[in-house]
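Participant: Sharing final-v8.cif below, mmCIF, C-alpha atoms and all ligand atoms:
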data_my_file
#
loop_
_atom_site.label_atom_id
_atom_site.label_comp_id
_atom_site.auth_asym_id
_atom_site.auth_seq_id
_atom_site.Cartn_x
_atom_site.Cartn_y
_atom_site.Cartn_z
CA MET A 1 -9.27 -153.29 -83.32
CA LYS A 2 -12.70 -154.36 -84.45
CA ASN A 3 -14.43 -152.56 -81.64
CA THR A 4 -12.88 -149.23 -82.45
CA SER A 5 -13.91 -149.33 -86.10
CA GLU A 6 -17.44 -150.38 -85.16
CA GLY A 7 -17.53 -147.46 -82.78
CA GLY A 8 -17.39 -145.17 -85.80
CA ASN A 9 -13.95 -143.72 -85.10
CA GLY A 10 -12.09 -145.92 -87.56
CA SER A 11 -10.38 -144.45 -90.58
CA ARG A 12 -12.72 -146.02 -93.16
CA ASN A 13 -15.84 -144.01 -92.54
CA SER A 14 -18.55 -143.12 -94.99
CA GLN A 15 -18.41 -139.77 -96.79
CA SER A 16 -20.90 -138.14 -94.43
CA GLN A 17 -18.99 -139.29 -91.36
CA LYS A 18 -15.80 -137.99 -92.92
CA ARG A 19 -17.36 -134.61 -93.42
CA GLN A 20 -18.53 -134.50 -89.81
CA ARG A 21 -15.12 -135.53 -88.68
CA SER A 22 -13.31 -132.87 -90.66
CA HIS A 23 -15.80 -130.36 -89.31
CA SER A 24 -15.09 -131.41 -85.73
CA GLU A 25 -11.39 -131.22 -86.46
CA THR A 26 -11.56 -127.50 -86.97
CA LEU A 27 -11.34 -127.56 -83.16
CA ILE A 28 -7.79 -128.95 -83.32
CA ASP A 29 -5.23 -126.42 -82.20
CA LEU A 30 -3.19 -125.84 -85.34
CA ASP A 31 -0.07 -125.37 -83.19
CA ASP A 32 -0.28 -129.11 -82.46
CA LEU A 33 0.31 -129.74 -86.15
CA ASP A 34 3.42 -127.57 -86.36
CA CYS A 35 6.99 -128.72 -85.88
CA LEU A 36 8.24 -128.01 -82.34
CA ILE A 37 11.59 -126.94 -83.73
CA CYS A 38 10.98 -124.80 -86.81
CA TYR A 39 7.26 -124.04 -86.17
CA GLU A 40 6.43 -124.80 -89.81
CA PRO A 41 3.41 -127.03 -90.55
CA LEU A 42 4.30 -130.70 -90.13
CA THR A 43 4.13 -132.91 -93.19
CA ILE A 44 4.22 -136.69 -93.51
CA PRO A 45 6.51 -138.34 -92.36
CA THR A 46 6.87 -136.87 -88.86
CA PHE A 47 9.27 -138.21 -86.23
CA GLN A 48 9.19 -138.21 -82.44
CA CYS A 49 11.43 -138.74 -79.44
CA ASP A 50 10.51 -141.21 -76.68
CA ASN A 51 8.62 -138.46 -74.92
CA GLY A 52 6.50 -137.81 -77.98
CA HIS A 53 8.02 -134.46 -79.01
CA VAL A 54 7.53 -134.12 -82.70
CA ALA A 55 10.01 -132.98 -85.37
CA CYS A 56 9.33 -132.38 -89.04
CA LYS A 57 11.07 -134.30 -91.82
CA PHE A 58 13.38 -131.34 -92.48
CA CYS A 59 14.51 -130.81 -88.86
CA TRP A 60 14.71 -134.50 -87.96
CA PRO A 61 17.86 -135.40 -89.99
CA LYS A 62 19.71 -132.51 -88.33
CA LEU A 63 18.93 -133.68 -84.79
CA LYS A 64 20.69 -136.32 -82.74
CA ARG A 65 18.78 -135.54 -79.57
CA CYS A 66 15.44 -133.95 -78.92
CA PRO A 67 16.05 -130.22 -78.24
CA LEU A 68 13.25 -130.24 -75.65
CA CYS A 69 14.08 -133.25 -73.48
CA ALA A 70 17.48 -134.42 -74.79
CA LEU A 71 16.27 -137.97 -75.45
CA PRO A 72 17.57 -139.47 -78.69
CA ILE A 73 15.34 -139.13 -81.74
CA GLY A 74 15.40 -142.33 -83.71
CA ASN A 75 13.35 -143.47 -86.66
CA LYS A 76 10.16 -143.49 -84.66
CA ARG A 77 7.30 -142.07 -86.70
CA CYS A 78 4.47 -140.26 -84.99
CA LYS A 79 1.46 -142.04 -86.46
CA ALA A 80 -1.09 -140.10 -84.39
CA VAL A 81 0.11 -136.79 -85.79
CA GLU A 82 0.43 -138.25 -89.29
CA SER A 83 -3.16 -139.45 -89.30
CA ALA A 84 -4.34 -136.11 -87.91
CA LEU A 85 -2.45 -134.43 -90.76
CA GLU A 86 -4.07 -136.70 -93.30
CA ARG A 87 -7.52 -135.80 -92.12
CA HIS A 88 -7.00 -132.18 -91.30
CA ILE A 89 -8.13 -129.59 -93.76
CA VAL A 90 -7.97 -125.83 -93.50
CA PRO A 91 -9.46 -123.00 -95.55
CA CYS A 92 -7.54 -122.08 -98.71
CA ARG A 93 -5.06 -119.28 -98.05
CA ASN A 94 -7.09 -117.13 -100.44
CA SER A 95 -10.18 -117.36 -98.24
CA LYS A 96 -9.80 -113.66 -97.37
CA LEU A 97 -10.22 -112.91 -101.05
CA GLY A 98 -13.37 -115.02 -101.24
CA CYS A 99 -12.32 -118.65 -101.82
CA THR A 100 -14.51 -121.14 -99.96
CA LYS A 101 -12.41 -124.25 -100.73
CA ASN A 102 -10.49 -126.27 -98.15
CA VAL A 103 -7.02 -127.68 -98.63
CA PRO A 104 -4.98 -130.28 -96.71
CA TYR A 105 -2.97 -128.73 -93.89
CA GLY A 106 0.79 -128.71 -94.33
CA ARG A 107 0.83 -130.08 -97.84
CA ASP A 108 1.75 -128.23 -101.00
CA SER A 109 -1.58 -127.53 -102.55
CA THR A 110 -1.82 -127.20 -106.30
CA HIS A 111 -5.20 -125.61 -105.67
CA GLU A 112 -3.60 -122.72 -103.77
CA LYS A 113 -0.73 -122.37 -106.19
CA GLU A 114 -2.45 -122.24 -109.55
CA TYR A 115 -5.94 -123.68 -109.54
CA CYS A 116 -7.64 -121.35 -107.09
CA LYS A 117 -9.94 -118.81 -108.71
CA PHE A 118 -8.36 -116.27 -106.34
CA SER A 119 -4.70 -117.19 -106.97
CA LEU A 120 -2.65 -114.04 -107.11
CA CYS A 121 -1.93 -112.70 -110.58
CA SER A 122 0.74 -110.06 -111.08
CA CYS A 123 0.39 -106.87 -113.04
CA PRO A 124 1.90 -107.33 -116.52
CA GLU A 125 3.71 -103.97 -116.27
CA ILE A 126 6.35 -105.71 -114.18
CA ASP A 127 9.08 -103.12 -114.80
CA GLU A 128 7.16 -100.38 -113.07
CA CYS A 129 4.47 -102.07 -110.97
CA LYS A 130 4.56 -104.75 -108.28
CA TYR A 131 0.79 -105.16 -107.89
CA THR A 132 -0.66 -108.63 -107.32
CA GLY A 133 -4.29 -109.56 -106.84
CA SER A 134 -6.98 -111.97 -107.94
CA TYR A 135 -7.48 -111.87 -111.71
CA LYS A 136 -10.63 -109.79 -111.34
CA ASP A 137 -8.90 -107.31 -109.02
CA LEU A 138 -5.92 -107.17 -111.35
CA LEU A 139 -8.19 -106.09 -114.15
CA PHE A 140 -9.64 -103.30 -112.06
CA HIS A 141 -6.12 -102.31 -111.01
CA TYR A 142 -4.92 -102.28 -114.60
CA LEU A 143 -7.81 -100.17 -115.84
CA THR A 144 -7.44 -97.61 -113.07
CA SER A 145 -3.64 -97.47 -112.60
CA HIS A 146 -2.11 -97.72 -116.05
CA MET A 147 -2.37 -95.66 -119.18
CA LEU A 148 -4.46 -97.61 -121.65
CA LYS A 149 -3.22 -97.56 -125.21
CA PRO A 150 -5.97 -96.51 -127.60
CA ASP A 151 -5.58 -99.74 -129.58
CA CYS A 152 -5.50 -102.11 -126.59
CA PHE A 153 -9.11 -103.27 -127.03
CA PHE A 154 -10.10 -106.14 -129.28
CA THR A 155 -13.14 -108.17 -130.27
CA PHE A 156 -13.19 -111.96 -130.28
CA GLY A 157 -13.08 -113.49 -133.73
CA GLU A 158 -11.88 -110.30 -135.41
CA SER A 159 -8.45 -110.07 -136.94
CA ARG A 160 -6.50 -106.99 -135.97
CA ASN A 161 -3.13 -105.48 -136.55
CA VAL A 162 -0.64 -105.74 -133.71
CA ARG A 163 2.48 -103.68 -133.89
CA MET A 164 5.13 -104.02 -131.25
CA HIS A 165 8.71 -103.10 -130.66
CA ILE A 166 10.81 -106.14 -129.87
CA ASN A 167 12.44 -104.16 -127.06
CA ASP A 168 9.06 -103.40 -125.47
CA LYS A 169 8.70 -107.18 -124.97
CA ILE A 170 5.06 -106.95 -123.94
CA LEU A 171 1.76 -105.58 -125.08
CA VAL A 172 -1.48 -105.76 -123.11
CA LEU A 173 -4.79 -106.40 -124.82
CA LEU A 174 -8.21 -106.12 -123.22
CA THR A 175 -11.61 -107.31 -124.31
CA LEU A 176 -13.98 -104.49 -125.27
CA ASP A 177 -16.13 -105.11 -122.19
CA LYS A 178 -12.96 -104.79 -120.06
CA THR A 179 -13.44 -108.14 -118.35
CA MET A 180 -10.38 -110.05 -119.58
CA LEU A 181 -6.73 -109.27 -119.93
CA PHE A 182 -4.38 -110.82 -122.50
CA THR A 183 -0.68 -110.37 -123.08
CA VAL A 184 1.32 -110.51 -126.28
CA GLN A 185 4.96 -111.13 -125.48
CA CYS A 186 8.00 -111.44 -127.67
CA PHE A 187 11.17 -113.22 -126.67
CA ARG A 188 14.44 -112.36 -128.35
CA GLU A 189 16.57 -115.36 -129.33
CA PRO A 190 19.85 -115.23 -131.29
CA ASN A 191 18.10 -116.57 -134.41
CA GLY A 192 14.88 -114.62 -134.21
CA VAL A 193 11.89 -113.83 -132.03
CA TYR A 194 9.22 -116.00 -130.37
CA VAL A 195 5.77 -114.50 -129.92
CA ALA A 196 3.35 -115.78 -127.26
CA VAL A 197 -0.23 -114.74 -126.54
CA ASN A 198 -1.59 -115.61 -123.08
CA TYR A 199 -4.69 -115.11 -120.97
CA VAL A 200 -3.90 -113.70 -117.51
CA ALA A 201 -6.00 -115.88 -115.19
CA PRO A 202 -5.50 -118.87 -112.89
CA LEU A 203 -6.05 -122.46 -114.03
CA ALA A 204 -9.20 -122.67 -111.87
CA PRO A 205 -11.74 -125.07 -113.39
CA GLU A 206 -14.53 -122.59 -112.56
CA ILE A 207 -13.08 -120.25 -115.17
CA VAL A 208 -14.51 -121.96 -118.20
CA GLU A 209 -13.52 -119.55 -120.95
CA LYS A 210 -11.11 -121.08 -123.42
CA PHE A 211 -9.45 -119.27 -126.28
CA SER A 212 -7.62 -120.05 -129.44
CA TYR A 213 -5.59 -117.64 -131.49
CA ARG A 214 -4.15 -117.21 -134.93
CA ILE A 215 -1.19 -114.94 -135.43
CA SER A 216 0.69 -114.10 -138.58
CA HIS A 217 3.68 -112.06 -139.54
CA SER A 218 4.38 -110.72 -143.02
CA PHE A 219 7.62 -109.59 -144.53
CA ASN A 220 8.36 -108.76 -148.17
CA GLY A 221 5.09 -110.28 -149.29
CA GLU A 222 5.68 -113.56 -147.44
CA THR A 223 3.34 -114.43 -144.60
CA HIS A 224 3.94 -116.88 -141.77
CA SER A 225 0.86 -117.94 -139.85
CA HIS A 226 0.65 -119.80 -136.60
CA LYS A 227 -2.43 -121.26 -134.92
CA VAL A 228 -2.72 -122.18 -131.24
CA PRO A 229 -5.90 -124.18 -130.50
CA GLU A 230 -5.78 -123.58 -126.75
CA MET A 231 -4.25 -120.46 -125.34
CA LYS A 232 -2.24 -120.81 -122.14
CA ARG A 233 -3.28 -119.12 -118.92
CA ILE A 234 -0.63 -117.38 -116.87
CA LEU A 235 -0.59 -115.81 -113.40
CA GLY A 236 1.99 -113.29 -114.49
CA VAL A 237 4.44 -112.53 -117.24
CA SER A 238 7.98 -113.80 -117.22
CA PHE A 239 10.74 -112.86 -119.61
CA GLN A 240 12.21 -116.35 -119.69
CA ILE A 241 11.72 -118.02 -123.03
CA PRO A 242 8.75 -120.36 -122.57
CA ARG A 243 9.49 -124.07 -122.79
CA GLU A 244 6.47 -124.91 -124.86
CA LYS A 245 7.25 -124.91 -128.54
CA ASN A 246 3.78 -124.06 -129.78
CA LEU A 247 4.68 -120.43 -130.42
CA MET A 248 5.14 -118.35 -133.51
CA PHE A 249 8.81 -117.95 -134.38
CA VAL A 250 9.99 -115.19 -136.71
CA SER A 251 13.53 -115.78 -137.84
CA ASN A 252 15.96 -112.90 -138.29
CA ASN A 253 15.72 -113.25 -142.09
CA PHE A 254 12.10 -112.11 -141.86
CA LEU A 255 12.64 -109.20 -139.50
CA SER A 256 13.13 -105.66 -140.64
CA GLY A 257 14.49 -103.67 -137.74
CA GLU A 258 13.00 -103.92 -134.30
CA VAL A 259 9.31 -103.68 -135.13
CA LEU A 260 6.98 -106.65 -135.46
CA GLU A 261 3.95 -106.08 -137.66
CA MET A 262 1.48 -108.88 -137.02
CA GLU A 263 -2.13 -109.87 -137.52
CA LEU A 264 -3.77 -111.41 -134.47
CA CYS A 265 -7.17 -113.01 -134.08
CA ILE A 266 -8.25 -114.33 -130.66
CA SER A 267 -11.37 -116.49 -130.65
CA GLU A 268 -13.49 -118.12 -127.98
CA SER A 269 -13.33 -121.88 -128.39
ZN ZN A 301 10.86 -128.53 -88.36
ZN ZN A 302 11.71 -134.92 -76.49
ZN ZN A 303 -8.71 -121.26 -103.10
ZN ZN A 304 0.13 -102.40 -112.33
#
What is this file in structure tokens?
Facilitator:
Amino acid sequence: MKNTSEGGNGSRNSQSQKRQRSHSETLIDLDDLDCLICYEPLTIPTFQCDNGHVACKFCWPKLKRCPLCALPIGNKRCKAVESALERHIVPCRNSKLGCTKNVPYGRDSTHEKEYCKFSLCSCPEIDECKYTGSYKDLLFHYLTSHMLKPDCFFTFGESRNVRMHINDKILVLLTLDKTMLFTVQCFREPNGVYVAVNYVAPLAPEIVEKFSYRISHSFNGETHSHKVPEMKRILGVSFQIPREKNLMFVSNNFLSGEVLEMELCISES
């Protein structure tokens, strides 16, 4: 045991050795890290038959015998594959779009899902358009493929009137320099309407811009204001009522017809 770790192949190496090792592991044939039955990437735990054929944790409970050699598959874990999985990293699936980050192979990666700067965002015009792309590409797509409303541009820190039909459900706002896309959405509830303002961008830490907003709704001389200190980022719009409660709610008593007349101020924070 001692000899192997002194030889530098042990699992507790220094950072630089780790980096070398992960580099050398790019030579591993990725097929060796896939389940022999369903061909999906293996995840920990993995199981094996007495001949060393490997099954993933999803296939294993369904098998009595190994489909390749008919030997029984018991509870035997395949530690060699598991430790290879632990060490093996692959380029983020958005590498084609420009991401240079690596993620663990065969594991659900929060980076790929939401935190990658290149995570796919969907076009907010979801009724008529199925486009997805990185948030920068989405912006370009939006500017070139959709009719821009004359009042869709806004300036940070300036209050502006926002008028929307409750049935329209969504309104797109763009910064004057056309570099950021925001959505104003309303959600019909039996007792009234929720209004949410979101920034369409992934949660990537490299995107440092943070925004707050203040929104108000007036009816018969009475004004309701709502402040959100940190605006949420979304990868796409959904018409399900958001779970978070930090939204403006306009009750039916303060609605006149189907039009919402609001004042909105988005600020950089
Ligand atoms: Zn499998
Ligand atoms: Zn087998
Ligand atoms: Zn990435
Ligand atoms: Zn579109």
Participant: Leu143 (chain A): which residues within 12 Å, counting only C-alpha atoms, same-chain residues fewer than 2 positions away excluded, as a tab-separated table (two decimals) with C-alpha atoms, in the coordinates of the input?
Facilitator:
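As a result, around.tsv now contains:
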chain	number	residue	atom	x	y	z
A	123	CYS	CA	0.39	-106.87	-113.04
A	136	LYS	CA	-10.63	-109.79	-111.34
A	137	ASP	CA	-8.90	-107.31	-109.02
A	138	LEU	CA	-5.92	-107.17	-111.35
A	139	LEU	CA	-8.19	-106.09	-114.15
A	140	PHE	CA	-9.64	-103.30	-112.06
A	141	HIS	CA	-6.12	-102.31	-111.01
A	145	SER	CA	-3.64	-97.47	-112.60
A	146	HIS	CA	-2.11	-97.72	-116.05
A	147	MET	CA	-2.37	-95.66	-119.18
A	148	LEU	CA	-4.46	-97.61	-121.65
A	149	LYS	CA	-3.22	-97.56	-125.21
A	152	CYS	CA	-5.50	-102.11	-126.59
A	153	PHE	CA	-9.11	-103.27	-127.03
A	172	VAL	CA	-1.48	-105.76	-123.11
A	173	LEU	CA	-4.79	-106.40	-124.82
A	174	LEU	CA	-8.21	-106.12	-123.22
A	175	THR	CA	-11.61	-107.31	-124.31
A	177	ASP	CA	-16.13	-105.11	-122.19
A	178	LYS	CA	-12.96	-104.79	-120.06
A	179	THR	CA	-13.44	-108.14	-118.35
A	180	MET	CA	-10.38	-110.05	-119.58
A	181	LEU	CA	-6.73	-109.27	-119.93
Participant: Quick check, in Å to one decimal: how far apart do CA of Cys99 (chain A) and CA of Leu120 (chain A) lie?
Facilitator: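 Separating CA of Cys99 (chain A) from CA of Leu120 (chain A) is a distance of 11.9 Å.
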Participant: Restricting the calculation to all atoms listed in the file, which member of A:Arg87, A:Lys96, A:Arg160, A:Lys227 is positioned closest to Ser134 (chain A)?
Facilitator: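 Of all the options, A:Lys96 lies closest to Ser134 (chain A).
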Participant: Sorted by chain and rising residue number, which residues of chain A lie within 10 Å of ligand ZN 303 (chain A), and what are their closest atom pairs and distances in Å to one decimal, counting all atoms listed in the file, as CSV?
Facilitator:
residue,atom,partner,partner_atom,distance
A:Pro91,CA,A:ZN303,ZN,7.8
A:Cys92,CA,A:ZN303,ZN,4.6
A:Arg93,CA,A:ZN303,ZN,6.5
A:Asn94,CA,A:ZN303,ZN,5.2
A:Ser95,CA,A:ZN303,ZN,6.4
A:Lys96,CA,A:ZN303,ZN,9.6
A:Leu97,CA,A:ZN303,ZN,8.7
A:Gly98,CA,A:ZN303,ZN,8.0
A:Cys99,CA,A:ZN303,ZN,4.6
A:Thr100,CA,A:ZN303,ZN,6.6
A:Lys101,CA,A:ZN303,ZN,5.3
A:Asn102,CA,A:ZN303,ZN,7.3
A:Val103,CA,A:ZN303,ZN,8.0
A:Ser109,CA,A:ZN303,ZN,9.5
A:Thr110,CA,A:ZN303,ZN,9.6
A:His111,CA,A:ZN303,ZN,6.2
A:Glu112,CA,A:ZN303,ZN,5.4
A:Lys113,CA,A:ZN303,ZN,8.6
A:Glu114,CA,A:ZN303,ZN,9.0
A:Tyr115,CA,A:ZN303,ZN,7.4
A:Cys116,CA,A:ZN303,ZN,4.1
A:Lys117,CA,A:ZN303,ZN,6.2
A:Phe118,CA,A:ZN303,ZN,6.0
A:Ser119,CA,A:ZN303,ZN,6.9
A:Ala204,CA,A:ZN303,ZN,8.9
Participant: Leaving out Leu247 (chain A) and any residue of its chain fewer than 6 positions from it, which residues lie within 8 Å of it when counting all atoms listed in the file, given as a list in words?
Facilitator: Tyr194, Val195, Ala196, His226 and Val228 of chain A
Participant: Could you give me, as CSV, a per-residue list for chain A showing, wherever an atom lies at most 7 Å from an atom of ligand ZN 302 (chain A), the closest pair of atoms and their distance in Å to one decimal, using all atoms listed in the file and sorting by chain then residue number from low to high?
Facilitator:
residue,atom,partner,partner_atom,distance
A:Cys49,CA,A:ZN302,ZN,4.8
A:Asp50,CA,A:ZN302,ZN,6.4
A:Asn51,CA,A:ZN302,ZN,5.0
A:Gly52,CA,A:ZN302,ZN,6.1
A:His53,CA,A:ZN302,ZN,4.5
A:Cys66,CA,A:ZN302,ZN,4.6
A:Pro67,CA,A:ZN302,ZN,6.6
A:Leu68,CA,A:ZN302,ZN,5.0
A:Cys69,CA,A:ZN302,ZN,4.2
A:Ala70,CA,A:ZN302,ZN,6.0
A:Leu71,CA,A:ZN302,ZN,5.6
Participant: Compare A:Asn252, A:Asn191, A:Gln185, A:Thr43 by their minimum atom-to-atom distance to Arg163 (chain A), counting all atoms listed in the file, and give me the closest one.
Facilitator: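 Among the listed residues, the smallest separation from Arg163 (chain A) belongs to A:Gln185.
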Participant: Might you pull out every residue within 9 Å of Val197 (chain A), with only C-alpha atoms counted and same-chain residues fewer than 4 positions away left off, and present them as a PDB file with C-alpha atoms, in the coordinates of the input?
Facilitator:
ATOM      1  CA  PHE A 182      -4.380-110.820-122.500  1.00  0.00           C
ATOM      2  CA  THR A 183      -0.680-110.370-123.080  1.00  0.00           C
ATOM      3  CA  VAL A 184       1.320-110.510-126.280  1.00  0.00           C
ATOM      4  CA  GLN A 185       4.960-111.130-125.480  1.00  0.00           C
ATOM      5  CA  CYS A 186       8.000-111.440-127.670  1.00  0.00           C
ATOM      6  CA  TYR A 213      -5.590-117.640-131.490  1.00  0.00           C
ATOM      7  CA  ILE A 215      -1.190-114.940-135.430  1.00  0.00           C
ATOM      8  CA  MET A 231      -4.250-120.460-125.340  1.00  0.00           C
ATOM      9  CA  LYS A 232      -2.240-120.810-122.140  1.00  0.00           C
ATOM     10  CA  LEU A 247       4.680-120.430-130.420  1.00  0.00           C
TER      11      LEU A 247
END
Participant: May I ask you to write as a ChimeraX atom specification all residues lying at most 6 Å from ligand ZN 304 (chain A), with only C-alpha atoms and all ligand atoms counted?
Facilitator: /A:123,125,129,131,142
Participant: Any chance you could tabulate, as a Markdown table, the residues of chain A at most 7 Å from ligand ZN 301 (chain A) with each one's nearest atom pair and distance in Å to one decimal, using only C-alpha atoms and all ligand atoms, in chain and rising number order?
Facilitator:
| residue | atom | partner | partner_atom | distance |
| --- | --- | --- | --- | --- |
| A:Cys35 | CA | A:ZN301 | ZN | 4.6 |
| A:Leu36 | CA | A:ZN301 | ZN | 6.6 |
| A:Ile37 | CA | A:ZN301 | ZN | 4.9 |
| A:Cys38 | CA | A:ZN301 | ZN | 4.0 |
| A:Tyr39 | CA | A:ZN301 | ZN | 6.2 |
| A:Glu40 | CA | A:ZN301 | ZN | 6.0 |
| A:Ala55 | CA | A:ZN301 | ZN | 5.4 |
| A:Cys56 | CA | A:ZN301 | ZN | 4.2 |
| A:Lys57 | CA | A:ZN301 | ZN | 6.7 |
| A:Phe58 | CA | A:ZN301 | ZN | 5.6 |
| A:Cys59 | CA | A:ZN301 | ZN | 4.3 |
Participant: Do you know which residues are at most 12 Å from Pro45 (chain A) counting all atoms listed in the file, after dropping those on the same chain fewer than 6 positions away, and could you put them as JSON, numbers by chain?
Facilitator: {"A": [35, 54, 55, 56, 57, 58, 59, 60, 61, 75, 76, 77, 78, 79, 80, 81, 82, 83, 84, 85, 86, 106, 107]}
Participant: Figure out the distance between CA of Ser159 (chain A) and CA of Ser251 (chain A), please, to one decimal in Å.
Facilitator: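 So the two atoms, CA of Ser251 (chain A) and CA of Ser159 (chain A), lie 22.7 Å apart.
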Participant: Have a look at CA of Ile207 (chain A) and CA of Pro124 (chain A) and let me know their distance in Å, one decimal.
Facilitator: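 One can read the CA of Ile207 (chain A) to CA of Pro124 (chain A) distance as 19.8 Å.
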Participant: May I ask which of the residues A:Gly192, A:Val90, A:Leu235, A:Thr223 is the closest one to Asn253 (chain A), counting only C-alpha atoms?
Facilitator: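 Among the listed residues, the smallest separation from Asn253 (chain A) belongs to A:Gly192.
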Participant: So that all listed atoms of region 239-242 of chain A fit with 5 Å spare on each side, what axis-aligned box centre and edge lengths in Å, to one decimal, would you give as JSON?
Facilitator:
{"center_x": 10.5, "center_y": -116.6, "center_z": -121.3, "size_x": 13.5, "size_y": 17.5, "size_z": 13.4}
Participant: Between A:Val162, A:Ala201, A:Val193, A:Val237, which one has atoms that come closest to Asp127 (chain A), using all atoms listed in the file?
Facilitator: A:Val237
